[in-house]
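Trainee: Pasting protein-v3.cif here (mmCIF, N, CA and C atoms):
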data_start
#
loop_
_atom_site.group_PDB
_atom_site.id
_atom_site.type_symbol
_atom_site.label_atom_id
_atom_site.label_comp_id
_atom_site.auth_asym_id
_atom_site.auth_seq_id
_atom_site.Cartn_x
_atom_site.Cartn_y
_atom_site.Cartn_z
ATOM 1 N N MET A 25 -15.532 41.947 5.523
ATOM 2 C CA MET A 25 -14.374 41.199 5.952
ATOM 3 C C MET A 25 -14.723 39.721 6.129
ATOM 4 N N LYS A 26 -15.870 39.459 6.740
ATOM 5 C CA LYS A 26 -16.314 38.089 6.969
ATOM 6 C C LYS A 26 -16.513 37.360 5.640
ATOM 7 N N THR A 27 -17.023 38.071 4.652
ATOM 8 C CA THR A 27 -17.250 37.497 3.325
ATOM 9 C C THR A 27 -15.930 37.120 2.664
ATOM 10 N N ILE A 28 -14.932 37.952 2.809
ATOM 11 C CA ILE A 28 -13.621 37.684 2.216
ATOM 12 C C ILE A 28 -13.008 36.421 2.834
ATOM 13 N N VAL A 29 -13.084 36.297 4.137
ATOM 14 C CA VAL A 29 -12.530 35.125 4.827
ATOM 15 C C VAL A 29 -13.276 33.866 4.394
ATOM 16 N N THR A 30 -14.583 33.936 4.347
ATOM 17 C CA THR A 30 -15.397 32.794 3.946
ATOM 18 C C THR A 30 -15.091 32.391 2.503
ATOM 19 N N THR A 31 -15.000 33.360 1.616
ATOM 20 C CA THR A 31 -14.691 33.091 0.208
ATOM 21 C C THR A 31 -13.302 32.480 0.069
ATOM 22 N N THR A 32 -12.339 33.000 0.805
ATOM 23 C CA THR A 32 -10.973 32.476 0.753
ATOM 24 C C THR A 32 -10.936 31.031 1.238
ATOM 25 N N CYS A 33 -11.598 30.737 2.331
ATOM 26 C CA CYS A 33 -11.647 29.369 2.863
ATOM 27 C C CYS A 33 -12.313 28.422 1.868
ATOM 28 N N ALA A 34 -13.407 28.855 1.285
ATOM 29 C CA ALA A 34 -14.113 28.031 0.307
ATOM 30 C C ALA A 34 -13.231 27.750 -0.905
ATOM 31 N N THR A 35 -12.488 28.753 -1.341
ATOM 32 C CA THR A 35 -11.589 28.596 -2.481
ATOM 33 C C THR A 35 -10.512 27.561 -2.183
ATOM 34 N N PHE A 36 -9.902 27.634 -1.004
ATOM 35 C CA PHE A 36 -8.869 26.676 -0.631
ATOM 36 C C PHE A 36 -9.420 25.257 -0.539
ATOM 37 N N LEU A 37 -10.631 25.121 -0.026
ATOM 38 C CA LEU A 37 -11.242 23.802 0.055
ATOM 39 C C LEU A 37 -11.497 23.217 -1.332
ATOM 40 N N LEU A 38 -11.957 24.032 -2.246
ATOM 41 C CA LEU A 38 -12.185 23.572 -3.616
ATOM 42 C C LEU A 38 -10.885 23.179 -4.296
ATOM 43 N N ILE A 39 -9.852 23.980 -4.100
ATOM 44 C CA ILE A 39 -8.549 23.664 -4.698
ATOM 45 C C ILE A 39 -8.038 22.335 -4.151
ATOM 46 N N ALA A 40 -8.137 22.142 -2.847
ATOM 47 C CA ALA A 40 -7.665 20.899 -2.233
ATOM 48 C C ALA A 40 -8.472 19.699 -2.713
ATOM 49 N N ALA A 41 -9.754 19.878 -2.903
ATOM 50 C CA ALA A 41 -10.616 18.777 -3.317
ATOM 51 C C ALA A 41 -10.323 18.317 -4.738
ATOM 52 N N PHE A 42 -9.920 19.236 -5.609
ATOM 53 C CA PHE A 42 -9.710 18.895 -7.004
ATOM 54 C C PHE A 42 -8.240 18.837 -7.406
ATOM 55 N N ALA A 43 -7.346 18.967 -6.467
ATOM 56 C CA ALA A 43 -5.916 18.904 -6.772
ATOM 57 C C ALA A 43 -5.558 17.484 -7.193
ATOM 58 N N PRO A 44 -4.680 17.349 -8.180
ATOM 59 C CA PRO A 44 -4.257 16.010 -8.606
ATOM 60 C C PRO A 44 -3.545 15.295 -7.459
ATOM 61 N N ARG A 45 -3.786 14.011 -7.353
ATOM 62 C CA ARG A 45 -3.163 13.221 -6.298
ATOM 63 C C ARG A 45 -2.234 12.197 -6.917
ATOM 64 N N ALA A 46 -1.132 11.954 -6.238
ATOM 65 C CA ALA A 46 -0.189 10.943 -6.698
ATOM 66 C C ALA A 46 -0.796 9.555 -6.496
ATOM 67 N N ALA A 47 -0.367 8.615 -7.317
ATOM 68 C CA ALA A 47 -0.827 7.239 -7.167
ATOM 69 C C ALA A 47 -0.377 6.697 -5.818
ATOM 70 N N PRO A 48 -1.185 5.870 -5.182
ATOM 71 C CA PRO A 48 -0.805 5.332 -3.879
ATOM 72 C C PRO A 48 0.411 4.419 -3.990
ATOM 73 N N THR A 49 1.205 4.394 -2.945
ATOM 74 C CA THR A 49 2.369 3.510 -2.893
ATOM 75 C C THR A 49 2.188 2.559 -1.728
ATOM 76 N N SER A 50 3.131 1.671 -1.551
ATOM 77 C CA SER A 50 3.042 0.701 -0.464
ATOM 78 C C SER A 50 3.061 1.364 0.895
ATOM 79 N N GLU A 51 3.633 2.542 1.001
ATOM 80 C CA GLU A 51 3.685 3.238 2.281
ATOM 81 C C GLU A 51 2.385 3.970 2.588
ATOM 82 N N ASP A 52 1.552 4.179 1.571
ATOM 83 C CA ASP A 52 0.336 4.959 1.752
ATOM 84 C C ASP A 52 -0.837 4.151 2.298
ATOM 85 N N LEU A 53 -0.875 2.870 2.023
ATOM 86 C CA LEU A 53 -2.069 2.094 2.311
ATOM 87 C C LEU A 53 -1.803 0.918 3.237
ATOM 88 N N PRO A 54 -2.622 0.744 4.254
ATOM 89 C CA PRO A 54 -2.582 -0.537 4.958
ATOM 90 C C PRO A 54 -3.262 -1.552 4.049
ATOM 91 N N VAL A 55 -2.766 -2.766 4.004
ATOM 92 C CA VAL A 55 -3.357 -3.754 3.105
ATOM 93 C C VAL A 55 -4.689 -4.207 3.670
ATOM 94 N N ARG A 56 -5.761 -3.966 2.937
ATOM 95 C CA ARG A 56 -7.086 -4.419 3.341
ATOM 96 C C ARG A 56 -7.878 -4.887 2.134
ATOM 97 N N SER A 57 -7.993 -4.069 1.117
ATOM 98 C CA SER A 57 -8.824 -4.417 -0.029
ATOM 99 C C SER A 57 -7.982 -5.068 -1.124
ATOM 100 N N THR A 58 -8.666 -5.606 -2.116
ATOM 101 C CA THR A 58 -7.981 -6.208 -3.264
ATOM 102 C C THR A 58 -7.105 -5.178 -3.955
ATOM 103 N N LYS A 59 -7.596 -3.951 -4.074
ATOM 104 C CA LYS A 59 -6.804 -2.889 -4.700
ATOM 105 C C LYS A 59 -5.551 -2.600 -3.873
ATOM 106 N N ASP A 60 -5.701 -2.546 -2.559
ATOM 107 C CA ASP A 60 -4.554 -2.302 -1.697
ATOM 108 C C ASP A 60 -3.510 -3.400 -1.850
ATOM 109 N N VAL A 61 -3.966 -4.650 -1.880
ATOM 110 C CA VAL A 61 -3.047 -5.779 -2.064
ATOM 111 C C VAL A 61 -2.286 -5.610 -3.365
ATOM 112 N N GLN A 62 -2.982 -5.266 -4.436
ATOM 113 C CA GLN A 62 -2.347 -5.100 -5.740
ATOM 114 C C GLN A 62 -1.311 -3.978 -5.722
ATOM 115 N N VAL A 63 -1.649 -2.845 -5.141
ATOM 116 C CA VAL A 63 -0.730 -1.705 -5.091
ATOM 117 C C VAL A 63 0.534 -2.072 -4.328
ATOM 118 N N ILE A 64 0.376 -2.674 -3.171
ATOM 119 C CA ILE A 64 1.538 -2.996 -2.349
ATOM 120 C C ILE A 64 2.342 -4.125 -2.977
ATOM 121 N N PHE A 65 1.666 -5.152 -3.477
ATOM 122 C CA PHE A 65 2.380 -6.255 -4.117
ATOM 123 C C PHE A 65 3.214 -5.745 -5.290
ATOM 124 N N THR A 66 2.607 -4.926 -6.138
ATOM 125 C CA THR A 66 3.311 -4.388 -7.303
ATOM 126 C C THR A 66 4.484 -3.512 -6.896
ATOM 127 N N SER A 67 4.322 -2.711 -5.856
ATOM 128 C CA SER A 67 5.419 -1.838 -5.440
ATOM 129 C C SER A 67 6.582 -2.627 -4.842
ATOM 130 N N LEU A 68 6.296 -3.769 -4.230
ATOM 131 C CA LEU A 68 7.369 -4.589 -3.663
ATOM 132 C C LEU A 68 8.023 -5.496 -4.695
ATOM 133 N N ASP A 69 7.283 -5.912 -5.708
ATOM 134 C CA ASP A 69 7.805 -6.816 -6.741
ATOM 135 C C ASP A 69 8.645 -6.022 -7.743
ATOM 136 N N ARG A 70 9.845 -5.680 -7.325
ATOM 137 C CA ARG A 70 10.713 -4.786 -8.113
ATOM 138 C C ARG A 70 11.086 -5.348 -9.478
ATOM 139 N N ASN A 71 11.295 -6.657 -9.583
ATOM 140 C CA ASN A 71 11.723 -7.223 -10.870
ATOM 141 C C ASN A 71 10.557 -7.744 -11.703
ATOM 142 N N ARG A 72 9.348 -7.525 -11.241
ATOM 143 C CA ARG A 72 8.114 -7.853 -11.975
ATOM 144 C C ARG A 72 8.025 -9.325 -12.380
ATOM 145 N N ASP A 73 8.437 -10.228 -11.473
ATOM 146 C CA ASP A 73 8.335 -11.656 -11.767
ATOM 147 C C ASP A 73 7.104 -12.299 -11.124
ATOM 148 N N ALA A 74 6.191 -11.470 -10.631
ATOM 149 C CA ALA A 74 4.922 -11.902 -10.034
ATOM 150 C C ALA A 74 5.109 -12.652 -8.721
ATOM 151 N N LYS A 75 6.217 -12.395 -8.034
ATOM 152 C CA LYS A 75 6.432 -12.935 -6.702
ATOM 153 C C LYS A 75 7.381 -12.007 -5.959
ATOM 154 N N ILE A 76 7.278 -12.012 -4.630
ATOM 155 C CA ILE A 76 8.107 -11.138 -3.808
ATOM 156 C C ILE A 76 9.157 -11.992 -3.114
ATOM 157 N N SER A 77 10.409 -11.693 -3.368
ATOM 158 C CA SER A 77 11.503 -12.408 -2.711
ATOM 159 C C SER A 77 11.722 -11.820 -1.322
ATOM 160 N N ARG A 78 12.500 -12.519 -0.519
ATOM 161 C CA ARG A 78 12.831 -12.016 0.817
ATOM 162 C C ARG A 78 13.543 -10.668 0.700
ATOM 163 N N SER A 79 14.405 -10.541 -0.293
ATOM 164 C CA SER A 79 15.131 -9.284 -0.521
ATOM 165 C C SER A 79 14.169 -8.150 -0.862
ATOM 166 N N GLU A 80 13.212 -8.416 -1.747
ATOM 167 C CA GLU A 80 12.225 -7.395 -2.110
ATOM 168 C C GLU A 80 11.360 -7.034 -0.902
ATOM 169 N N ALA A 81 11.010 -8.007 -0.072
ATOM 170 C CA ALA A 81 10.178 -7.769 1.107
ATOM 171 C C ALA A 81 10.910 -6.924 2.137
ATOM 172 N N SER A 82 12.243 -6.951 2.112
ATOM 173 C CA SER A 82 13.007 -6.209 3.118
ATOM 174 C C SER A 82 12.816 -4.704 3.002
ATOM 175 N N VAL A 83 12.313 -4.239 1.870
ATOM 176 C CA VAL A 83 12.046 -2.814 1.671
ATOM 177 C C VAL A 83 10.964 -2.333 2.637
ATOM 178 N N LYS A 84 10.037 -3.195 2.971
ATOM 179 C CA LYS A 84 8.941 -2.864 3.893
ATOM 180 C C LYS A 84 9.080 -3.774 5.106
ATOM 181 N N GLY A 85 9.602 -3.217 6.187
ATOM 182 C CA GLY A 85 9.929 -3.991 7.373
ATOM 183 C C GLY A 85 8.803 -4.842 7.917
ATOM 184 N N SER A 86 7.572 -4.325 7.858
ATOM 185 C CA SER A 86 6.449 -5.086 8.396
ATOM 186 C C SER A 86 6.178 -6.347 7.585
ATOM 187 N N VAL A 87 6.438 -6.322 6.285
ATOM 188 C CA VAL A 87 6.291 -7.519 5.455
ATOM 189 C C VAL A 87 7.463 -8.459 5.727
ATOM 190 N N ALA A 88 8.667 -7.911 5.818
ATOM 191 C CA ALA A 88 9.859 -8.722 6.066
ATOM 192 C C ALA A 88 9.725 -9.498 7.383
ATOM 193 N N LYS A 89 9.193 -8.845 8.423
ATOM 194 C CA LYS A 89 9.037 -9.507 9.729
ATOM 195 C C LYS A 89 8.065 -10.678 9.656
ATOM 196 N N ARG A 90 7.064 -10.590 8.802
ATOM 197 C CA ARG A 90 6.029 -11.624 8.707
ATOM 198 C C ARG A 90 6.252 -12.582 7.537
ATOM 199 N N PHE A 91 7.368 -12.433 6.842
ATOM 200 C CA PHE A 91 7.611 -13.160 5.600
ATOM 201 C C PHE A 91 7.374 -14.662 5.755
ATOM 202 N N ASP A 92 8.020 -15.287 6.747
ATOM 203 C CA ASP A 92 7.906 -16.734 6.901
ATOM 204 C C ASP A 92 6.484 -17.182 7.181
ATOM 205 N N GLY A 93 5.728 -16.393 7.905
ATOM 206 C CA GLY A 93 4.347 -16.732 8.181
ATOM 207 C C GLY A 93 3.434 -16.601 6.969
ATOM 208 N N ILE A 94 3.783 -15.704 6.073
ATOM 209 C CA ILE A 94 2.974 -15.490 4.867
ATOM 210 C C ILE A 94 3.333 -16.511 3.790
ATOM 211 N N ASP A 95 4.598 -16.923 3.747
ATOM 212 C CA ASP A 95 5.091 -17.871 2.735
ATOM 213 C C ASP A 95 4.600 -19.275 3.082
ATOM 214 N N SER A 96 3.340 -19.548 2.775
ATOM 215 C CA SER A 96 2.699 -20.790 3.213
ATOM 216 C C SER A 96 3.285 -22.048 2.576
ATOM 217 N N ASP A 97 3.832 -21.949 1.360
ATOM 218 C CA ASP A 97 4.403 -23.148 0.741
ATOM 219 C C ASP A 97 5.913 -23.277 0.991
ATOM 220 N N GLY A 98 6.491 -22.291 1.669
ATOM 221 C CA GLY A 98 7.899 -22.374 2.060
ATOM 222 C C GLY A 98 8.895 -22.320 0.922
ATOM 223 N N ASP A 99 8.498 -21.745 -0.216
ATOM 224 C CA ASP A 99 9.421 -21.701 -1.359
ATOM 225 C C ASP A 99 10.350 -20.497 -1.344
ATOM 226 N N GLY A 100 10.216 -19.630 -0.337
ATOM 227 C CA GLY A 100 11.084 -18.458 -0.245
ATOM 228 C C GLY A 100 10.586 -17.253 -1.020
ATOM 229 N N TYR A 101 9.382 -17.348 -1.556
ATOM 230 C CA TYR A 101 8.771 -16.246 -2.297
ATOM 231 C C TYR A 101 7.327 -16.083 -1.838
ATOM 232 N N LEU A 102 6.814 -14.864 -1.958
ATOM 233 C CA LEU A 102 5.411 -14.599 -1.676
ATOM 234 C C LEU A 102 4.678 -14.420 -2.995
ATOM 235 N N SER A 103 3.724 -15.293 -3.251
ATOM 236 C CA SER A 103 2.879 -15.131 -4.437
ATOM 237 C C SER A 103 1.774 -14.132 -4.093
ATOM 238 N N LYS A 104 1.062 -13.672 -5.121
ATOM 239 C CA LYS A 104 -0.065 -12.773 -4.865
ATOM 240 C C LYS A 104 -1.104 -13.468 -3.990
ATOM 241 N N GLN A 105 -1.300 -14.756 -4.220
ATOM 242 C CA GLN A 105 -2.288 -15.503 -3.451
ATOM 243 C C GLN A 105 -1.876 -15.579 -1.978
ATOM 244 N N GLU A 106 -0.610 -15.869 -1.718
ATOM 245 C CA GLU A 106 -0.137 -15.917 -0.337
ATOM 246 C C GLU A 106 -0.239 -14.547 0.318
ATOM 247 N N PHE A 107 0.160 -13.534 -0.424
ATOM 248 C CA PHE A 107 0.149 -12.174 0.103
ATOM 249 C C PHE A 107 -1.271 -11.740 0.451
ATOM 250 N N ALA A 108 -2.216 -12.074 -0.410
ATOM 251 C CA ALA A 108 -3.608 -11.675 -0.189
ATOM 252 C C ALA A 108 -4.298 -12.540 0.867
ATOM 253 N N ALA A 109 -3.793 -13.745 1.117
ATOM 254 C CA ALA A 109 -4.465 -14.680 2.015
ATOM 255 C C ALA A 109 -4.063 -14.542 3.476
ATOM 256 N N ARG A 110 -3.163 -13.638 3.794
ATOM 257 C CA ARG A 110 -2.766 -13.488 5.191
ATOM 258 C C ARG A 110 -3.998 -13.113 6.010
ATOM 259 N N PRO A 111 -3.961 -13.256 7.308
ATOM 260 C CA PRO A 111 -5.146 -12.925 8.116
ATOM 261 C C PRO A 111 -5.681 -11.537 7.788
ATOM 262 N N SER A 112 -6.985 -11.419 7.652
ATOM 263 C CA SER A 112 -7.591 -10.169 7.182
ATOM 264 C C SER A 112 -7.366 -8.992 8.131
ATOM 265 N N ASP A 113 -7.142 -9.261 9.423
ATOM 266 C CA ASP A 113 -6.940 -8.142 10.327
ATOM 267 C C ASP A 113 -5.472 -7.725 10.412
ATOM 268 N N GLU A 114 -4.610 -8.431 9.715
ATOM 269 C CA GLU A 114 -3.189 -8.086 9.716
ATOM 270 C C GLU A 114 -2.954 -6.921 8.774
ATOM 271 N N ARG A 115 -2.263 -5.916 9.262
ATOM 272 C CA ARG A 115 -1.973 -4.725 8.462
ATOM 273 C C ARG A 115 -0.481 -4.557 8.345
ATOM 274 N N PHE A 116 -0.029 -4.134 7.194
ATOM 275 C CA PHE A 116 1.384 -3.836 6.991
ATOM 276 C C PHE A 116 1.577 -2.338 7.107
ATOM 277 N N GLU A 117 2.085 -1.897 8.252
ATOM 278 C CA GLU A 117 2.254 -0.466 8.474
ATOM 279 C C GLU A 117 3.698 -0.164 8.760
#
Can the structure in the file be given as structure tokens, please?
Mentor:
Amino acid sequence: MKTIVTTTCATFLLIAAFAPRAAPTSEDLPVRSTKDVQVIFTSLDRNRDAKISRSEASVKGSVAKRFDGIDSDGDGYLSKQEFAARPSDERFE
């Protein structure tokens, strides 16, 4: 009986370890690494113009709340550089 339970648990762990995973979205990752910045920036940039408008930022409330502070040149858009340059300890959750 103990062997069956152990084998079953091991099987489930292996299945979970090798199960396909969906690509990360803006809701999955706090922004920290360059990859995280890219994933979140791309998911927010709905029209693919390489900048995030205030309207696009409204999809993620934590970005919308900080929009003016991140928009360092005041043009009303967040560039990848502005988005990546926010304080490193700031997280969008």
Trainee: Running the PyMOL selection byres ((chain A and resi 84-92) around 8) on this model by hand, what would come out? Give it as a list of chain:residue names.
Mentor: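 Applied to this file, the PyMOL selection byres ((chain A and resi 84-92) around 8) returns A:Ser50, A:Leu68, A:Arg78, A:Ser79, A:Glu80, A:Ala81, A:Ser82, A:Val83, A:Gly93, A:Ile94, A:Asp95, A:Ser96, A:Asp97, A:Gly98, A:Gly100, A:Tyr101, A:Leu102, A:Arg115, A:Phe116, A:Glu117.
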Trainee: To one decimal in Å, tell me the separation between atom N of Ile76 (chain A) and atom C of Ser103 (chain A).
Mentor: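 Between atom N of Ile76 (chain A) and atom C of Ser103 (chain A) the gap works out to 5.9 Å.
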Trainee: Atom C of Arg110 (chain A) and atom N of Val61 (chain A) are how many Å apart?
Mentor: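 Between atom C of Arg110 (chain A) and atom N of Val61 (chain A) the gap is 11.6 Å.
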